[in-house]
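Just protein_31.pdb here, PDB, C-alpha atoms:
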```pdb
ATOM      1  CA  MET A 129      -3.067  -7.500 -40.732
ATOM      2  CA  GLN A 130      -4.046  -9.188 -43.969
ATOM      3  CA  ARG A 131      -3.937  -7.042 -47.087
ATOM      4  CA  THR A 132      -6.447  -7.549 -49.883
ATOM      5  CA  TYR A 133      -6.127  -7.054 -53.619
ATOM      6  CA  LEU A 134      -8.627  -7.058 -56.449
ATOM      7  CA  ILE A 135      -7.685  -9.481 -59.217
ATOM      8  CA  ASP A 136      -9.127  -8.956 -62.683
ATOM      9  CA  LYS A 137     -10.565 -11.860 -64.655
ATOM     10  CA  SER A 138      -7.588 -12.154 -66.987
ATOM     11  CA  ALA A 139      -5.277 -12.683 -64.013
ATOM     12  CA  MET A 140      -7.611 -15.291 -62.592
ATOM     13  CA  LYS A 141      -7.482 -17.218 -65.900
ATOM     14  CA  LYS A 142      -3.683 -17.178 -65.756
ATOM     15  CA  LEU A 143      -3.771 -18.550 -62.245
ATOM     16  CA  ALA A 144      -6.164 -21.283 -63.271
ATOM     17  CA  SER A 145      -3.882 -22.346 -66.145
ATOM     18  CA  ASN A 146      -0.695 -22.106 -64.038
ATOM     19  CA  LYS A 147       0.634 -19.340 -66.318
ATOM     20  CA  PHE A 148       1.595 -16.754 -63.742
ATOM     21  CA  ASP A 149       4.647 -15.122 -62.248
ATOM     22  CA  SER A 150       5.684 -14.662 -58.625
ATOM     23  CA  GLN A 151       3.891 -11.362 -58.269
ATOM     24  CA  GLU A 152       0.604 -12.912 -59.323
ATOM     25  CA  VAL A 153       1.132 -15.745 -56.871
ATOM     26  CA  PHE A 154       1.477 -13.167 -54.085
ATOM     27  CA  ILE A 155      -1.712 -11.406 -55.154
ATOM     28  CA  ALA A 156      -3.624 -14.667 -55.325
ATOM     29  CA  GLN A 157      -2.932 -15.324 -51.668
ATOM     30  CA  HIS A 158      -5.154 -12.428 -50.616
ATOM     31  CA  ASN A 159      -8.930 -12.409 -50.744
ATOM     32  CA  TYR A 160     -11.573  -9.762 -50.253
ATOM     33  CA  LYS A 161     -14.116 -10.494 -47.537
ATOM     34  CA  GLY A 162     -15.966  -7.184 -47.503
ATOM     35  CA  LEU A 163     -16.295  -3.946 -49.412
ATOM     36  CA  GLU A 164     -16.918  -0.484 -47.938
ATOM     37  CA  ILE A 165     -19.043   1.779 -50.114
ATOM     38  CA  GLU A 166     -19.730   5.456 -49.478
ATOM     39  CA  ILE A 167     -22.983   6.273 -51.272
ATOM     40  CA  ASN A 168     -22.846   9.948 -50.293
ATOM     41  CA  THR A 169     -20.177  12.228 -48.915
ATOM     42  CA  HIS A 170     -21.887  14.296 -46.230
ATOM     43  CA  CYS A 171     -23.034  13.920 -42.644
ATOM     44  CA  ASN A 172     -25.524  15.842 -40.532
ATOM     45  CA  PHE A 173     -23.344  15.539 -37.411
ATOM     46  CA  LYS A 174     -20.046  17.171 -36.504
ATOM     47  CA  CYS A 175     -18.757  14.681 -33.951
ATOM     48  CA  LYS A 176     -15.693  16.050 -32.228
ATOM     49  CA  PHE A 177     -13.799  12.772 -32.735
ATOM     50  CA  CYS A 178     -14.370  12.809 -36.526
ATOM     51  CA  PRO A 179     -12.580  14.778 -39.285
ATOM     52  CA  VAL A 180     -15.977  15.929 -40.561
ATOM     53  CA  SER A 181     -16.174  18.300 -37.596
ATOM     54  CA  HIS A 182     -13.107  20.103 -38.919
ATOM     55  CA  SER A 183     -13.336  19.530 -42.665
ATOM     56  CA  PRO A 184     -16.915  18.933 -43.827
ATOM     57  CA  ARG A 185     -17.163  17.869 -47.440
ATOM     58  CA  GLN A 186     -19.417  19.020 -50.242
ATOM     59  CA  ILE A 187     -22.629  17.091 -50.754
ATOM     60  CA  ASN A 188     -22.263  14.436 -53.438
ATOM     61  CA  PHE A 189     -24.107  11.205 -54.143
ATOM     62  CA  MET A 190     -22.855   8.038 -55.797
ATOM     63  CA  SER A 191     -24.565   7.476 -59.130
ATOM     64  CA  ASP A 192     -26.698   4.427 -59.802
ATOM     65  CA  SER A 193     -24.259   3.214 -62.439
ATOM     66  CA  ILE A 194     -21.231   3.368 -60.135
ATOM     67  CA  TYR A 195     -23.108   1.621 -57.352
ATOM     68  CA  GLU A 196     -24.244  -1.112 -59.712
ATOM     69  CA  LEU A 197     -20.661  -1.524 -60.915
ATOM     70  CA  ALA A 198     -19.438  -1.840 -57.313
ATOM     71  CA  ILE A 199     -22.092  -4.443 -56.525
ATOM     72  CA  ASN A 200     -21.319  -6.437 -59.667
ATOM     73  CA  ARG A 201     -17.579  -6.354 -58.948
ATOM     74  CA  ALA A 202     -18.209  -7.490 -55.386
ATOM     75  CA  VAL A 203     -20.156 -10.489 -56.661
ATOM     76  CA  ASP A 204     -17.541 -11.228 -59.346
ATOM     77  CA  TYR A 205     -14.752 -11.403 -56.794
ATOM     78  CA  GLY A 206     -16.579 -13.491 -54.242
ATOM     79  CA  ILE A 207     -17.287 -10.740 -51.726
ATOM     80  CA  ASN A 208     -20.288 -11.555 -49.563
ATOM     81  CA  GLU A 209     -20.658  -8.404 -47.480
ATOM     82  CA  ILE A 210     -20.704  -4.674 -48.101
ATOM     83  CA  SER A 211     -20.636  -1.866 -45.556
ATOM     84  CA  LEU A 212     -22.335   1.457 -46.185
ATOM     85  CA  ASN A 213     -20.142   3.819 -44.251
ATOM     86  CA  HIS A 214     -16.998   5.913 -44.113
ATOM     87  CA  TYR A 215     -17.204   9.530 -42.947
ATOM     88  CA  SER A 216     -20.743  10.055 -44.226
ATOM     89  CA  GLU A 217     -24.264   9.380 -42.981
ATOM     90  CA  PRO A 218     -25.814   6.983 -45.530
ATOM     91  CA  THR A 219     -29.391   7.508 -44.336
ATOM     92  CA  LEU A 220     -29.188  10.976 -45.903
ATOM     93  CA  ASN A 221     -29.152   9.298 -49.316
ATOM     94  CA  PHE A 222     -32.680   9.204 -50.719
ATOM     95  CA  SER A 223     -31.808   5.982 -52.592
ATOM     96  CA  LEU A 224     -30.675   4.083 -49.497
ATOM     97  CA  SER A 225     -33.552   1.601 -49.289
ATOM     98  CA  ARG A 226     -33.218   0.802 -52.990
ATOM     99  CA  ARG A 227     -29.459   0.373 -52.649
ATOM    100  CA  ILE A 228     -29.856  -2.035 -49.732
ATOM    101  CA  THR A 229     -32.512  -4.023 -51.563
ATOM    102  CA  GLN A 230     -30.347  -4.189 -54.690
ATOM    103  CA  ALA A 231     -27.372  -5.534 -52.750
ATOM    104  CA  ALA A 232     -29.530  -8.123 -50.981
ATOM    105  CA  ALA A 233     -30.978  -9.245 -54.320
ATOM    106  CA  ASN A 234     -27.412  -9.989 -55.414
ATOM    107  CA  GLY A 235     -26.835 -12.165 -52.358
ATOM    108  CA  LEU A 236     -24.831  -9.611 -50.405
ATOM    109  CA  THR A 237     -25.167  -8.912 -46.695
ATOM    110  CA  VAL A 238     -25.297  -5.194 -45.906
ATOM    111  CA  THR A 239     -23.919  -3.578 -42.764
ATOM    112  CA  LEU A 240     -25.434  -0.133 -42.409
ATOM    113  CA  PHE A 241     -23.535   2.255 -40.142
ATOM    114  CA  SER A 242     -25.622   5.218 -39.021
ATOM    115  CA  ASN A 243     -25.909   7.848 -36.325
ATOM    116  CA  GLY A 244     -29.585   6.922 -36.101
ATOM    117  CA  SER A 245     -30.995  10.411 -36.520
ATOM    118  CA  ASN A 246     -32.596   9.665 -39.879
ATOM    119  CA  LEU A 247     -33.438   5.990 -39.318
ATOM    120  CA  SER A 248     -37.138   6.746 -39.370
ATOM    121  CA  ALA A 249     -39.993   4.253 -39.139
ATOM    122  CA  SER A 250     -40.673   4.906 -42.810
ATOM    123  CA  LEU A 251     -37.127   3.935 -43.787
ATOM    124  CA  VAL A 252     -37.136   0.917 -41.490
ATOM    125  CA  ASN A 253     -40.368  -0.332 -43.052
ATOM    126  CA  LYS A 254     -38.850  -0.085 -46.524
ATOM    127  CA  ILE A 255     -35.918  -2.346 -45.663
ATOM    128  CA  THR A 256     -37.572  -4.801 -43.273
ATOM    129  CA  SER A 257     -38.211  -7.202 -46.162
ATOM    130  CA  VAL A 258     -34.453  -7.767 -46.552
ATOM    131  CA  SER A 259     -33.648  -7.834 -42.832
ATOM    132  CA  THR A 260     -32.030 -11.270 -43.158
ATOM    133  CA  HIS A 261     -29.372  -9.619 -45.331
ATOM    134  CA  LEU A 262     -28.931  -6.587 -43.087
ATOM    135  CA  GLN A 263     -27.105  -5.508 -39.935
ATOM    136  CA  VAL A 264     -27.681  -1.981 -38.603
ATOM    137  CA  VAL A 265     -24.970  -0.468 -36.418
ATOM    138  CA  ILE A 266     -25.858   2.745 -34.585
ATOM    139  CA  ASN A 267     -23.003   4.970 -33.456
ATOM    140  CA  LEU A 268     -24.326   6.506 -30.250
ATOM    141  CA  PRO A 269     -21.452   8.134 -28.347
ATOM    142  CA  GLU A 270     -23.443   9.565 -25.436
ATOM    143  CA  ALA A 271     -26.342   8.566 -23.198
ATOM    144  CA  THR A 272     -27.870  11.960 -22.356
ATOM    145  CA  PRO A 273     -29.246  14.764 -24.568
ATOM    146  CA  THR A 274     -26.797  17.367 -23.246
ATOM    147  CA  ALA A 275     -23.696  15.232 -23.671
ATOM    148  CA  HIS A 276     -24.858  14.019 -27.075
ATOM    149  CA  GLN A 277     -25.376  17.554 -28.345
ATOM    150  CA  GLU A 278     -21.955  18.595 -27.059
ATOM    151  CA  THR A 279     -20.228  15.676 -28.780
ATOM    152  CA  THR A 280     -22.151  15.660 -32.078
ATOM    153  CA  GLN A 281     -23.311  19.280 -32.429
ATOM    154  CA  SER A 282     -26.798  17.886 -33.084
ATOM    155  CA  LYS A 283     -30.060  18.211 -31.162
ATOM    156  CA  THR A 284     -31.413  14.857 -32.319
ATOM    157  CA  PHE A 285     -30.903  12.659 -29.243
ATOM    158  CA  SER A 286     -34.609  12.134 -28.496
ATOM    159  CA  THR A 287     -35.278  11.339 -32.159
ATOM    160  CA  ILE A 288     -32.463   8.788 -32.192
ATOM    161  CA  ILE A 289     -33.781   7.064 -29.074
ATOM    162  CA  SER A 290     -37.247   6.881 -30.611
ATOM    163  CA  ASN A 291     -35.839   5.551 -33.893
ATOM    164  CA  ILE A 292     -33.846   2.840 -32.128
ATOM    165  CA  LYS A 293     -36.851   1.719 -30.095
ATOM    166  CA  TYR A 294     -38.803   1.227 -33.314
ATOM    167  CA  ALA A 295     -35.992  -0.280 -35.382
ATOM    168  CA  GLN A 296     -34.976  -2.845 -32.754
ATOM    169  CA  ASN A 297     -38.285  -4.622 -33.288
ATOM    170  CA  HIS A 298     -37.855  -4.875 -37.052
ATOM    171  CA  LEU A 299     -34.142  -5.096 -37.894
ATOM    172  CA  PRO A 300     -30.962  -6.761 -36.584
ATOM    173  CA  LEU A 301     -29.455  -3.845 -34.682
ATOM    174  CA  LYS A 302     -26.644  -3.060 -32.291
ATOM    175  CA  ILE A 303     -25.232   0.097 -30.737
ATOM    176  CA  VAL A 304     -21.565   1.028 -30.655
ATOM    177  CA  VAL A 305     -20.231   3.647 -28.261
ATOM    178  CA  ASN A 306     -17.411   5.823 -29.502
ATOM    179  CA  ASN A 307     -16.530   7.142 -26.062
ATOM    180  CA  LYS A 308     -13.839   6.400 -23.488
ATOM    181  CA  ASP A 309     -16.349   6.561 -20.625
ATOM    182  CA  SER A 310     -17.483   2.995 -19.868
ATOM    183  CA  GLN A 311     -20.501   4.369 -17.957
ATOM    184  CA  VAL A 312     -22.085   5.341 -21.270
ATOM    185  CA  VAL A 313     -22.225   1.695 -22.295
ATOM    186  CA  LYS A 314     -23.885   0.791 -19.001
ATOM    187  CA  GLN A 315     -26.415   3.602 -19.331
ATOM    188  CA  LEU A 316     -27.351   2.694 -22.894
ATOM    189  CA  SER A 317     -27.513  -0.997 -22.034
ATOM    190  CA  SER A 318     -30.085  -0.205 -19.356
ATOM    191  CA  MET A 319     -32.078   1.878 -21.846
ATOM    192  CA  PHE A 320     -32.058  -0.870 -24.491
ATOM    193  CA  SER A 321     -32.071  -4.201 -22.693
ATOM    194  CA  ASN A 322     -32.694  -6.155 -25.901
ATOM    195  CA  VAL A 323     -29.960  -4.500 -27.963
ATOM    196  CA  GLU A 324     -26.254  -5.311 -27.897
ATOM    197  CA  VAL A 325     -24.261  -2.263 -26.763
ATOM    198  CA  GLN A 326     -20.474  -2.283 -27.023
ATOM    199  CA  HIS A 327     -17.486  -0.006 -26.997
ATOM    200  CA  TRP A 328     -16.113   0.834 -30.409
ATOM    201  CA  GLU A 329     -12.386   0.245 -30.772
ATOM    202  CA  THR A 330     -11.557   3.544 -32.388
ATOM    203  CA  ASP A 331      -8.830   3.757 -34.982
ATOM    204  CA  ASP A 332      -6.655   6.817 -35.506
ATOM    205  CA  ARG A 333      -8.818   9.637 -36.791
ATOM    206  CA  ALA A 334      -8.246  13.345 -37.062
ATOM    207  CA  GLY A 335      -9.773  15.451 -34.322
ATOM    208  CA  GLU A 336     -10.336  14.285 -30.747
ATOM    209  CA  ILE A 337      -9.630  10.564 -30.412
ATOM    210  CA  TYR A 338     -11.576   8.375 -28.007
ATOM    211  CA  LEU A 339      -9.778   5.263 -26.827
ATOM    212  CA  PRO A 340     -12.336   3.060 -25.052
ATOM    213  CA  GLN A 341      -9.980   0.081 -25.074
ATOM    214  CA  LEU A 342      -7.809   1.909 -22.509
ATOM    215  CA  THR A 343     -10.668   2.369 -20.065
ATOM    216  CA  LYS A 344     -10.534   0.186 -16.971
TER     217      LYS A 344
END
```
Translate the structure of the given file into C-alpha cells.
Amino acid sequence: MQRTYLIDKSAMKKLASNKFDSQEVFIAQHNYKGLEIEINTHCNFKCKFCPVSHSPRQINFMSDSIYELAINRAVDYGINEISLNHYSEPTLNFSLSRRITQAAANGLTVTLFSNGSNLSASLVNKITSVSTHLQVVINLPEATPTAHQETTQSKTFSTIISNIKYAQNHLPLKIVVNNKDSQVVKQLSSMFSNVEVQHWETDDRAGEIYLPQLTK
C-alpha cells in the first residue's frame, strides 16, 4: 500500500534546487491523489457494522474557514479529488451544496458518500449544475424495509428508494452494499437497472463486520 505525505512549499523549493537530504527524497516519492474531508461529525443511522452504533459523537460542523483551507491545500498539492465521508452523514450539513460547488469551482472532483436518507430532490437540484465534478455513492446495506431498519436502526428505507430514483436521473450515482449476503446486490440491481450496484469491500471497523469478499 502506498503511503502519502503532505510536503510544504519550502520543502518543494529544496527539491527543485536539489538541496535536500535523504528523508526529503523519501517524502518526495509519495503523492496525494485524494483527500477525505469530514464536514460534520454525526450520522442519523446506527448501522450495526459501524462504530457510530456503539459510540455516537457529538454534533459538530466544519467551519467555512477550515473547509476553504482544506480545499486550497488540496489544490496547492496537486490533489484532484476529495471525498466527503468518514463516519458521518454529510447530507446532514446544511452547507453541503455550497461546499460541493466550492470544490468544483476549484477544479476538484467530489465523491459524496451518503446513506441516501437526506438526498432529497431539493438537494439534488442544487448540485446538478456541477454533476460533471461529482460522484454520489449510496451505502444501501439491505434491500427490504424490515432488514434495512434492523441493520441501520432507521425507518427511512422508502424515502431512500424514492431519493435514489430521483437522483439517478440527475447525478452520476452508484450503490454499494455493505452486506455479506450477495442476494442483496441482486435484489437492488433488479430495483435499479440503470444504476451500478456492487459489494463494498469492508475494512476493519468496530462493531459487526461484514465481509462480502468472502461470499461465494
**Q.** Selection: 10 Å around Thr237 (chain A), all atoms listed in the file, excl. self and same-chain fewer than 3 positions, as a ChimeraX atom specification
**A.** /A:162,207-211,228,231-234,240,258-263
Take the PyMOL selection byres ((chain A and resi 273-288) around 10), apply it to the structure above, and return the hits as a PDB file with C-alpha atoms, in the coordinates of the input.
```
ATOM      1  CA  ASN A 172     -25.524  15.842 -40.532  1.00  0.00           C
ATOM      2  CA  PHE A 173     -23.344  15.539 -37.411  1.00  0.00           C
ATOM      3  CA  LYS A 174     -20.046  17.171 -36.504  1.00  0.00           C
ATOM      4  CA  CYS A 175     -18.757  14.681 -33.951  1.00  0.00           C
ATOM      5  CA  LYS A 176     -15.693  16.050 -32.228  1.00  0.00           C
ATOM      6  CA  PHE A 177     -13.799  12.772 -32.735  1.00  0.00           C
ATOM      7  CA  CYS A 178     -14.370  12.809 -36.526  1.00  0.00           C
ATOM      8  CA  SER A 181     -16.174  18.300 -37.596  1.00  0.00           C
ATOM      9  CA  ASN A 243     -25.909   7.848 -36.325  1.00  0.00           C
ATOM     10  CA  GLY A 244     -29.585   6.922 -36.101  1.00  0.00           C
ATOM     11  CA  SER A 245     -30.995  10.411 -36.520  1.00  0.00           C
ATOM     12  CA  ASN A 246     -32.596   9.665 -39.879  1.00  0.00           C
ATOM     13  CA  LEU A 247     -33.438   5.990 -39.318  1.00  0.00           C
ATOM     14  CA  SER A 248     -37.138   6.746 -39.370  1.00  0.00           C
ATOM     15  CA  ILE A 266     -25.858   2.745 -34.585  1.00  0.00           C
ATOM     16  CA  LEU A 268     -24.326   6.506 -30.250  1.00  0.00           C
ATOM     17  CA  PRO A 269     -21.452   8.134 -28.347  1.00  0.00           C
ATOM     18  CA  GLU A 270     -23.443   9.565 -25.436  1.00  0.00           C
ATOM     19  CA  ALA A 271     -26.342   8.566 -23.198  1.00  0.00           C
ATOM     20  CA  THR A 272     -27.870  11.960 -22.356  1.00  0.00           C
ATOM     21  CA  ILE A 289     -33.781   7.064 -29.074  1.00  0.00           C
ATOM     22  CA  SER A 290     -37.247   6.881 -30.611  1.00  0.00           C
ATOM     23  CA  ASN A 291     -35.839   5.551 -33.893  1.00  0.00           C
ATOM     24  CA  ILE A 292     -33.846   2.840 -32.128  1.00  0.00           C
ATOM     25  CA  LYS A 293     -36.851   1.719 -30.095  1.00  0.00           C
ATOM     26  CA  TYR A 294     -38.803   1.227 -33.314  1.00  0.00           C
ATOM     27  CA  ASN A 307     -16.530   7.142 -26.062  1.00  0.00           C
TER      28      ASN A 307
END
```
Q: Could you tell me which residues the PyMOL selection byres ((chain A and resi 252-254) around 8) grabs in this file, written as a ChimeraX atom specification?
A: /A:225,247-251,255-257,295,298-299
Region 312-323 of chain A, all listed atoms, 4 Å padding on each side: what axis-aligned box centre and edge lengths in Å to one decimal come out, as lines of an AutoDock Vina configuration file?
```
center_x = -27.4
center_y = -0.4
center_z = -23.5
size_x = 18.6
size_y = 19.5
size_z = 17.0
```
Q) Could you name the residues that touch region 166-169 of chain A at 8 Å or less, counting all atoms listed in the file, but leaving out those on the same chain fewer than 4 positions away, as a PyMOL selection string? A) chain A and resi 185-190+195+212-218+220-221
Q) Quick one, how far is CA of Ile199 (chain A) from CA of His170 (chain A)? A) 21.4 Å
Q: Could you please determine the separation between CA of His182 (chain A) and CA of Val265 (chain A) in Å, to one decimal place?
A: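 Here the two named atoms are 23.9 Å from each other.
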Q. Using all atoms listed in the file, which of the listed residues (A:Asp192, A:Val238, A:Ser310, A:Pro179) sits closest to Phe222 (chain A)?
A.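 Of the candidates, the smallest distance to Phe222 (chain A) is held by A:Asp192.
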Q | Atom pair CA of Tyr205 (chain A) / CA of Ser223 (chain A): separation (Å) | A |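 Pair CA of Tyr205 (chain A) / CA of Ser223 (chain A) returns 24.7 Å.
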Q.
Around the point (-32.6, -1.0, -28.7) (coordinates from the file), which residues reach within 7 Å if we count only C-alpha atoms? Answer as a PyMOL selection string.
A. chain A and resi 292-293+296+320-323
